[in-house]
file data-v3.txt (compact mmCIF, N, CA and C atoms)
# COMPACT_ATOMS: atom_id res chain seq x y z
N GLN A 571 46.74 123.66 -8.62
CA GLN A 571 46.33 124.22 -9.90
C GLN A 571 46.75 125.68 -9.98
N VAL A 572 47.04 126.11 -11.20
CA VAL A 572 47.48 127.48 -11.44
C VAL A 572 46.55 128.14 -12.44
N GLN A 573 46.14 129.36 -12.17
CA GLN A 573 45.38 130.15 -13.12
C GLN A 573 46.26 131.29 -13.61
N LEU A 574 46.22 131.55 -14.90
CA LEU A 574 47.11 132.51 -15.52
C LEU A 574 46.31 133.59 -16.24
N VAL A 575 46.72 134.85 -16.07
CA VAL A 575 46.05 135.96 -16.74
C VAL A 575 47.10 136.86 -17.36
N GLU A 576 47.08 136.96 -18.68
CA GLU A 576 48.03 137.80 -19.39
C GLU A 576 47.50 139.22 -19.52
N SER A 577 48.42 140.16 -19.64
CA SER A 577 48.07 141.56 -19.89
C SER A 577 49.24 142.25 -20.55
N GLY A 578 48.99 143.45 -21.08
CA GLY A 578 50.07 144.24 -21.64
C GLY A 578 50.11 144.29 -23.15
N GLY A 579 49.23 143.53 -23.79
CA GLY A 579 49.22 143.57 -25.25
C GLY A 579 48.68 144.88 -25.77
N GLY A 580 48.81 145.08 -27.08
CA GLY A 580 48.30 146.30 -27.67
C GLY A 580 48.77 146.47 -29.09
N LEU A 581 48.50 147.66 -29.63
CA LEU A 581 48.90 148.02 -30.99
C LEU A 581 50.11 148.95 -30.92
N VAL A 582 51.18 148.55 -31.55
CA VAL A 582 52.40 149.34 -31.56
C VAL A 582 52.94 149.41 -32.97
N GLN A 583 53.93 150.26 -33.17
CA GLN A 583 54.58 150.37 -34.47
C GLN A 583 55.85 149.53 -34.48
N ALA A 584 56.27 149.19 -35.67
CA ALA A 584 57.52 148.44 -35.82
C ALA A 584 58.66 149.21 -35.16
N GLY A 585 59.49 148.49 -34.42
CA GLY A 585 60.59 149.09 -33.71
C GLY A 585 60.28 149.45 -32.26
N ASP A 586 59.01 149.45 -31.92
CA ASP A 586 58.61 149.77 -30.55
C ASP A 586 58.87 148.61 -29.60
N SER A 587 58.66 148.90 -28.33
CA SER A 587 58.80 147.88 -27.29
C SER A 587 57.48 147.70 -26.56
N LEU A 588 57.33 146.53 -25.95
CA LEU A 588 56.12 146.21 -25.20
C LEU A 588 56.49 145.19 -24.14
N ARG A 589 55.87 145.27 -22.99
CA ARG A 589 56.10 144.26 -21.96
C ARG A 589 54.79 143.57 -21.62
N LEU A 590 54.79 142.28 -21.78
CA LEU A 590 53.65 141.46 -21.40
C LEU A 590 53.86 140.94 -19.98
N SER A 591 52.76 140.83 -19.27
CA SER A 591 52.79 140.25 -17.92
C SER A 591 51.84 139.08 -17.87
N CYS A 592 52.18 138.13 -17.03
CA CYS A 592 51.32 136.98 -16.80
C CYS A 592 51.23 136.78 -15.29
N ALA A 593 50.09 137.13 -14.73
CA ALA A 593 49.88 136.98 -13.29
C ALA A 593 49.30 135.61 -13.01
N ALA A 594 49.89 134.95 -12.03
CA ALA A 594 49.46 133.59 -11.70
C ALA A 594 48.83 133.54 -10.32
N SER A 595 47.95 132.61 -10.15
CA SER A 595 47.39 132.36 -8.82
C SER A 595 47.95 131.04 -8.31
N GLY A 596 47.90 130.84 -7.04
CA GLY A 596 48.37 129.58 -6.51
C GLY A 596 49.66 129.73 -5.74
N ARG A 597 49.76 129.03 -4.63
CA ARG A 597 50.90 129.17 -3.75
C ARG A 597 52.15 128.49 -4.30
N THR A 598 51.96 127.59 -5.27
CA THR A 598 53.10 126.80 -5.73
C THR A 598 53.69 127.36 -7.02
N PHE A 599 53.41 128.62 -7.33
CA PHE A 599 53.90 129.22 -8.58
C PHE A 599 55.40 129.07 -8.72
N SER A 600 56.13 129.21 -7.63
CA SER A 600 57.59 129.19 -7.70
C SER A 600 58.13 127.83 -8.10
N THR A 601 57.29 126.81 -8.10
CA THR A 601 57.73 125.48 -8.50
C THR A 601 57.36 125.16 -9.94
N TYR A 602 56.80 126.12 -10.66
CA TYR A 602 56.38 125.92 -12.03
C TYR A 602 57.36 126.56 -13.01
N ALA A 603 57.70 125.85 -14.05
CA ALA A 603 58.36 126.45 -15.20
C ALA A 603 57.31 127.23 -15.99
N MET A 604 57.74 128.32 -16.62
CA MET A 604 56.79 129.17 -17.33
C MET A 604 57.26 129.38 -18.76
N GLY A 605 56.29 129.49 -19.64
CA GLY A 605 56.61 129.72 -21.04
C GLY A 605 55.69 130.73 -21.68
N TRP A 606 56.14 131.29 -22.78
CA TRP A 606 55.32 132.16 -23.63
C TRP A 606 55.26 131.52 -25.02
N PHE A 607 54.07 131.50 -25.55
CA PHE A 607 53.82 131.02 -26.90
C PHE A 607 52.99 132.07 -27.63
N ARG A 608 52.93 131.97 -28.94
CA ARG A 608 52.10 132.89 -29.69
C ARG A 608 51.45 132.17 -30.87
N GLN A 609 50.35 132.75 -31.30
CA GLN A 609 49.65 132.17 -32.44
C GLN A 609 49.10 133.30 -33.31
N ALA A 610 49.55 133.31 -34.54
CA ALA A 610 49.06 134.29 -35.51
C ALA A 610 47.90 133.67 -36.29
N PRO A 611 47.05 134.48 -36.89
CA PRO A 611 45.91 133.95 -37.64
C PRO A 611 46.35 133.00 -38.74
N GLY A 612 45.74 131.85 -38.77
CA GLY A 612 46.04 130.88 -39.80
C GLY A 612 47.33 130.11 -39.60
N LYS A 613 47.98 130.34 -38.46
CA LYS A 613 49.24 129.65 -38.19
C LYS A 613 49.14 128.83 -36.92
N GLU A 614 50.07 127.91 -36.78
CA GLU A 614 50.09 127.09 -35.59
C GLU A 614 50.71 127.87 -34.42
N ARG A 615 50.37 127.43 -33.23
CA ARG A 615 50.97 128.01 -32.04
C ARG A 615 52.46 127.74 -32.05
N GLU A 616 53.24 128.77 -31.73
CA GLU A 616 54.68 128.59 -31.75
C GLU A 616 55.31 129.07 -30.46
N PHE A 617 56.40 128.45 -30.15
CA PHE A 617 57.17 128.76 -28.94
C PHE A 617 57.84 130.12 -29.07
N VAL A 618 57.86 130.86 -27.97
CA VAL A 618 58.54 132.15 -27.94
C VAL A 618 59.70 132.12 -26.93
N ALA A 619 59.39 131.80 -25.68
CA ALA A 619 60.40 131.81 -24.63
C ALA A 619 59.92 130.98 -23.45
N ALA A 620 60.87 130.54 -22.63
CA ALA A 620 60.53 129.79 -21.43
C ALA A 620 61.60 129.99 -20.38
N THR A 621 61.21 129.75 -19.13
CA THR A 621 62.16 129.86 -18.04
C THR A 621 61.87 128.78 -17.01
N THR A 622 62.91 128.29 -16.37
CA THR A 622 62.74 127.31 -15.31
C THR A 622 62.14 127.97 -14.07
N TRP A 623 61.78 127.15 -13.08
CA TRP A 623 61.14 127.71 -11.89
C TRP A 623 62.02 128.70 -11.18
N SER A 624 63.33 128.51 -11.25
CA SER A 624 64.25 129.41 -10.55
C SER A 624 64.65 130.59 -11.41
N GLY A 625 64.36 130.51 -12.71
CA GLY A 625 64.84 131.55 -13.62
C GLY A 625 66.27 131.33 -14.05
N GLY A 626 66.85 130.22 -13.62
CA GLY A 626 68.26 129.98 -13.90
C GLY A 626 68.55 129.60 -15.34
N ARG A 627 67.60 129.00 -15.99
CA ARG A 627 67.75 128.66 -17.41
C ARG A 627 66.61 129.30 -18.18
N LYS A 628 66.97 129.85 -19.34
CA LYS A 628 65.97 130.49 -20.20
C LYS A 628 66.16 130.01 -21.63
N TYR A 629 65.05 129.93 -22.32
CA TYR A 629 65.06 129.44 -23.68
C TYR A 629 64.34 130.46 -24.57
N TYR A 630 64.81 130.57 -25.79
CA TYR A 630 64.19 131.50 -26.73
C TYR A 630 64.11 130.89 -28.12
N ALA A 631 63.06 131.23 -28.82
CA ALA A 631 62.98 130.89 -30.23
C ALA A 631 64.00 131.73 -30.98
N ASP A 632 64.54 131.18 -32.05
CA ASP A 632 65.54 131.91 -32.82
C ASP A 632 65.00 133.23 -33.34
N SER A 633 63.72 133.25 -33.64
CA SER A 633 63.11 134.45 -34.23
C SER A 633 63.04 135.63 -33.27
N VAL A 634 63.16 135.37 -31.96
CA VAL A 634 63.05 136.46 -30.98
C VAL A 634 64.33 136.64 -30.17
N LYS A 635 65.29 135.77 -30.36
CA LYS A 635 66.52 135.84 -29.59
C LYS A 635 67.20 137.18 -29.81
N GLY A 636 67.59 137.80 -28.70
CA GLY A 636 68.23 139.10 -28.77
C GLY A 636 67.26 140.27 -28.74
N ARG A 637 65.97 139.98 -28.93
CA ARG A 637 64.96 141.04 -28.91
C ARG A 637 63.98 140.89 -27.74
N PHE A 638 63.69 139.65 -27.35
CA PHE A 638 62.75 139.39 -26.26
C PHE A 638 63.50 138.86 -25.05
N THR A 639 62.98 139.19 -23.87
CA THR A 639 63.56 138.70 -22.63
C THR A 639 62.44 138.21 -21.72
N ILE A 640 62.58 136.98 -21.26
CA ILE A 640 61.63 136.43 -20.29
C ILE A 640 62.21 136.56 -18.90
N SER A 641 61.37 136.92 -17.95
CA SER A 641 61.81 137.01 -16.56
C SER A 641 60.64 136.67 -15.66
N ARG A 642 60.94 136.42 -14.42
CA ARG A 642 59.87 136.09 -13.48
C ARG A 642 60.18 136.69 -12.12
N ASP A 643 59.12 136.99 -11.42
CA ASP A 643 59.22 137.50 -10.05
C ASP A 643 58.36 136.58 -9.20
N ASN A 644 58.99 135.64 -8.54
CA ASN A 644 58.23 134.65 -7.78
C ASN A 644 57.50 135.29 -6.59
N ALA A 645 58.05 136.37 -6.07
CA ALA A 645 57.38 137.06 -4.96
C ALA A 645 56.06 137.67 -5.43
N LYS A 646 56.05 138.14 -6.67
CA LYS A 646 54.83 138.73 -7.23
C LYS A 646 54.04 137.72 -8.04
N ILE A 647 54.50 136.49 -8.07
CA ILE A 647 53.91 135.39 -8.86
C ILE A 647 53.52 135.87 -10.25
N THR A 648 54.49 136.46 -10.92
CA THR A 648 54.28 137.02 -12.24
C THR A 648 55.47 136.69 -13.14
N VAL A 649 55.18 136.40 -14.39
CA VAL A 649 56.23 136.23 -15.38
C VAL A 649 56.05 137.30 -16.45
N TYR A 650 57.16 137.78 -16.99
CA TYR A 650 57.13 138.88 -17.94
C TYR A 650 57.76 138.47 -19.26
N LEU A 651 57.36 139.16 -20.30
CA LEU A 651 58.01 139.03 -21.59
C LEU A 651 58.27 140.44 -22.10
N GLN A 652 59.53 140.86 -22.01
CA GLN A 652 59.91 142.17 -22.52
C GLN A 652 60.24 142.02 -24.00
N MET A 653 59.54 142.75 -24.83
CA MET A 653 59.71 142.64 -26.28
C MET A 653 60.23 143.97 -26.82
N THR A 654 61.33 143.93 -27.51
CA THR A 654 61.90 145.14 -28.11
C THR A 654 62.07 144.93 -29.61
N SER A 655 62.31 146.02 -30.31
CA SER A 655 62.51 145.97 -31.77
C SER A 655 61.43 145.13 -32.43
N LEU A 656 60.20 145.41 -32.08
CA LEU A 656 59.09 144.60 -32.59
C LEU A 656 58.95 144.73 -34.10
N LYS A 657 58.54 143.63 -34.71
CA LYS A 657 58.37 143.54 -36.15
C LYS A 657 56.92 143.17 -36.47
N PRO A 658 56.44 143.49 -37.65
CA PRO A 658 55.08 143.10 -38.00
C PRO A 658 54.85 141.59 -37.87
N GLU A 659 55.88 140.80 -38.12
CA GLU A 659 55.72 139.36 -38.00
C GLU A 659 55.60 138.88 -36.57
N ASP A 660 55.77 139.76 -35.61
CA ASP A 660 55.53 139.41 -34.20
C ASP A 660 54.05 139.50 -33.85
N THR A 661 53.24 139.99 -34.76
CA THR A 661 51.81 140.11 -34.52
C THR A 661 51.19 138.74 -34.26
N ALA A 662 50.52 138.61 -33.13
CA ALA A 662 49.92 137.33 -32.73
C ALA A 662 49.19 137.50 -31.42
N VAL A 663 48.45 136.48 -31.04
CA VAL A 663 47.96 136.37 -29.67
C VAL A 663 49.04 135.66 -28.86
N TYR A 664 49.42 136.27 -27.76
CA TYR A 664 50.47 135.72 -26.92
C TYR A 664 49.86 135.06 -25.69
N TYR A 665 50.32 133.83 -25.43
CA TYR A 665 49.80 133.05 -24.32
C TYR A 665 50.94 132.72 -23.36
N CYS A 666 50.67 132.79 -22.07
CA CYS A 666 51.64 132.24 -21.12
C CYS A 666 51.14 130.87 -20.68
N ALA A 667 52.08 130.06 -20.26
CA ALA A 667 51.78 128.68 -19.91
C ALA A 667 52.66 128.26 -18.74
N ALA A 668 52.15 127.30 -17.98
CA ALA A 668 52.87 126.82 -16.79
C ALA A 668 53.03 125.32 -16.84
N LYS A 669 54.18 124.88 -16.40
CA LYS A 669 54.49 123.46 -16.33
C LYS A 669 55.04 123.16 -14.93
N PRO A 670 54.40 122.25 -14.21
CA PRO A 670 54.92 121.95 -12.86
C PRO A 670 56.25 121.24 -12.93
N GLY A 671 57.15 121.59 -12.00
CA GLY A 671 58.39 120.87 -11.86
C GLY A 671 59.46 121.22 -12.86
N TYR A 672 60.28 120.21 -13.15
CA TYR A 672 61.47 120.38 -13.97
C TYR A 672 61.14 120.68 -15.44
N LEU A 673 61.93 121.56 -16.04
CA LEU A 673 61.78 121.89 -17.46
C LEU A 673 63.04 121.45 -18.18
N SER A 674 62.90 120.47 -19.06
CA SER A 674 64.06 119.98 -19.80
C SER A 674 64.23 120.76 -21.11
N ASP A 675 65.39 120.58 -21.70
CA ASP A 675 65.63 121.20 -23.00
C ASP A 675 64.62 120.69 -24.01
N TYR A 676 64.22 119.44 -23.87
CA TYR A 676 63.25 118.85 -24.79
C TYR A 676 61.87 119.45 -24.58
N ASP A 677 61.48 119.62 -23.35
CA ASP A 677 60.12 120.10 -23.03
C ASP A 677 59.92 121.58 -23.33
N ALA A 678 60.95 122.38 -23.13
CA ALA A 678 60.79 123.85 -23.12
C ALA A 678 60.03 124.39 -24.33
N PRO A 679 60.35 124.02 -25.55
CA PRO A 679 59.67 124.63 -26.70
C PRO A 679 58.39 123.93 -27.15
N ARG A 680 57.97 122.90 -26.44
CA ARG A 680 56.79 122.12 -26.87
C ARG A 680 55.56 122.50 -26.08
N TRP A 681 54.54 123.00 -26.75
CA TRP A 681 53.36 123.47 -26.04
C TRP A 681 52.68 122.33 -25.28
N ALA A 682 52.79 121.13 -25.77
CA ALA A 682 52.15 120.00 -25.09
C ALA A 682 52.78 119.70 -23.74
N SER A 683 53.94 120.26 -23.46
CA SER A 683 54.61 120.03 -22.18
C SER A 683 53.97 120.82 -21.04
N TYR A 684 53.18 121.81 -21.37
CA TYR A 684 52.64 122.73 -20.38
C TYR A 684 51.20 122.37 -20.02
N ASP A 685 50.91 122.43 -18.73
CA ASP A 685 49.60 121.98 -18.24
C ASP A 685 48.56 123.10 -18.15
N TYR A 686 49.00 124.33 -17.96
CA TYR A 686 48.06 125.42 -17.71
C TYR A 686 48.34 126.56 -18.67
N TRP A 687 47.25 127.20 -19.10
CA TRP A 687 47.34 128.26 -20.10
C TRP A 687 46.47 129.45 -19.72
N GLY A 688 46.95 130.63 -20.10
CA GLY A 688 46.14 131.81 -19.95
C GLY A 688 45.23 132.00 -21.16
N GLN A 689 44.47 133.07 -21.14
CA GLN A 689 43.49 133.30 -22.20
C GLN A 689 44.10 134.02 -23.40
N GLY A 690 45.28 134.57 -23.24
CA GLY A 690 45.97 135.23 -24.33
C GLY A 690 45.78 136.73 -24.34
N THR A 691 46.75 137.43 -24.92
CA THR A 691 46.67 138.87 -25.10
C THR A 691 47.18 139.20 -26.50
N GLN A 692 46.46 140.08 -27.18
CA GLN A 692 46.77 140.39 -28.57
C GLN A 692 47.90 141.41 -28.67
N VAL A 693 48.86 141.10 -29.51
CA VAL A 693 49.92 142.05 -29.85
C VAL A 693 49.86 142.28 -31.35
N THR A 694 49.73 143.53 -31.74
CA THR A 694 49.68 143.89 -33.15
C THR A 694 50.76 144.92 -33.43
N VAL A 695 51.62 144.61 -34.40
CA VAL A 695 52.72 145.48 -34.76
C VAL A 695 52.49 145.98 -36.18
N SER A 696 52.33 147.28 -36.32
CA SER A 696 52.09 147.86 -37.64
C SER A 696 53.41 148.28 -38.27
N SER A 697 53.45 148.23 -39.58
CA SER A 697 54.70 148.58 -40.29
C SER A 697 54.75 150.06 -40.61

call {"tool": "encode", "arguments": {"input": "data-v3.txt", "output": "structure tokens"}}
result
Amino acid sequence: QVQLVESGGGLVQAGDSLRLSCAASGRTFSTYAMGWFRQAPGKEREFVAATTWSGGRKYYADSVKGRFTISRDNAKITVYLQMTSLKPEDTAVYYCAAKPGYLSDYDAPRWASYDYWGQGTQVTVSS
């Protein structure tokens, strides 16, 4: 089992950058694919980014491609989401999620593919 704790959220202005971290517990972290999702008030949870256990493949939502970067440090059992050129529409609660084993192209953007979730961290971008 994996426990996930997000941090790094906050209030920023449009155009600013922010880095979210997701610290995981458990010895088998390096065998888990990791993802970031977000949910704005009144909206459904949406996919942001994901990475395979090795970091060799990464996936991004079109809305964040070129602005957000997902990375992981298996030694530190942490996954990151570097967010740049933030926009007001990026405002949401951001959640990290873990999926054991292989991450397919089909699974990567689907929240139901992930077994473990953090509690979320709020990101607010003012215009």

call {"tool": "atom_distance", "arguments": {"input": "data-v3.txt", "atom1": "CA of Ser655 (chain A)", "atom2": "CA of Tyr684 (chain A)"}}
result
27.7 Å

call {"tool": "atom_distance", "arguments": {"input": "data-v3.txt", "atom1": "CA of Val582 (chain A)", "atom2": "CA of Thr661 (chain A)"}}
result
9.7 Å

call {"tool": "atom_distance", "arguments": {"input": "data-v3.txt", "atom1": "CA of Arg627 (chain A)", "atom2": "CA of Val693 (chain A)"}}
result
25.5 Å

call {"tool": "residues_near_point", "arguments": {"input": "data-v3.txt", "point": "(50.4, 136.3, -22.0)", "cutoff": "12 Å", "atoms": "only C-alpha atoms", "output": "JSON, numbers by chain"}}
result
{"A": [573, 574, 575, 576, 577, 578, 579, 580, 588, 589, 590, 591, 592, 593, 594, 604, 605, 606, 607, 608, 609, 618, 619, 640, 648, 649, 650, 651, 652, 662, 663, 664, 665, 666, 667, 668, 686, 687, 688, 689, 690, 691, 692, 693]}

call {"tool": "closest_residue", "arguments": {"input": "data-v3.txt", "among": "A:Leu581, A:Ala631, A:Ala620, A:Ile647", "to": "Ser600 (chain A)", "atoms": "all atoms listed in the file"}}
result
A:Ile647

call {"tool": "select_by_dssp", "arguments": {"input": "data-v3.txt", "residues": "region 582-690 of chain A", "states": "strand (DSSP E or B)", "output": "number ranges by chain"}}
result
A: 582-583, 588-594, 602-609, 616-621, 628-630, 638-643, 648-653, 662-670, 686-687

call {"tool": "residues_around", "arguments": {"input": "data-v3.txt", "residues": "Arg680 (chain A)", "least_positions_apart": "5", "cutoff": "8 Å", "atoms": "only N, CA and C atoms", "output": "ChimeraX atom specification"}}
result
/A:616-617,675

call {"tool": "closest_residue", "arguments": {"input": "data-v3.txt", "among": "A:Thr621, A:Gln583, A:Thr694, A:Thr601", "to": "Ser641 (chain A)", "atoms": "all atoms listed in the file"}}
result
A:Thr621

call {"tool": "closest_residue", "arguments": {"input": "data-v3.txt", "among": "A:Ala645, A:Leu656, A:Ala603, A:Val572", "to": "Val695 (chain A)", "atoms": "only N, CA and C atoms"}}
result
A:Leu656

call {"tool": "residues_around", "arguments": {"input": "data-v3.txt", "residues": "Tyr602 (chain A)", "least_positions_apart": "2", "cutoff": "6 Å", "atoms": "only N, CA and C atoms", "output": "number ranges by chain"}}
result
A: 598-600, 604, 622-623, 668-671
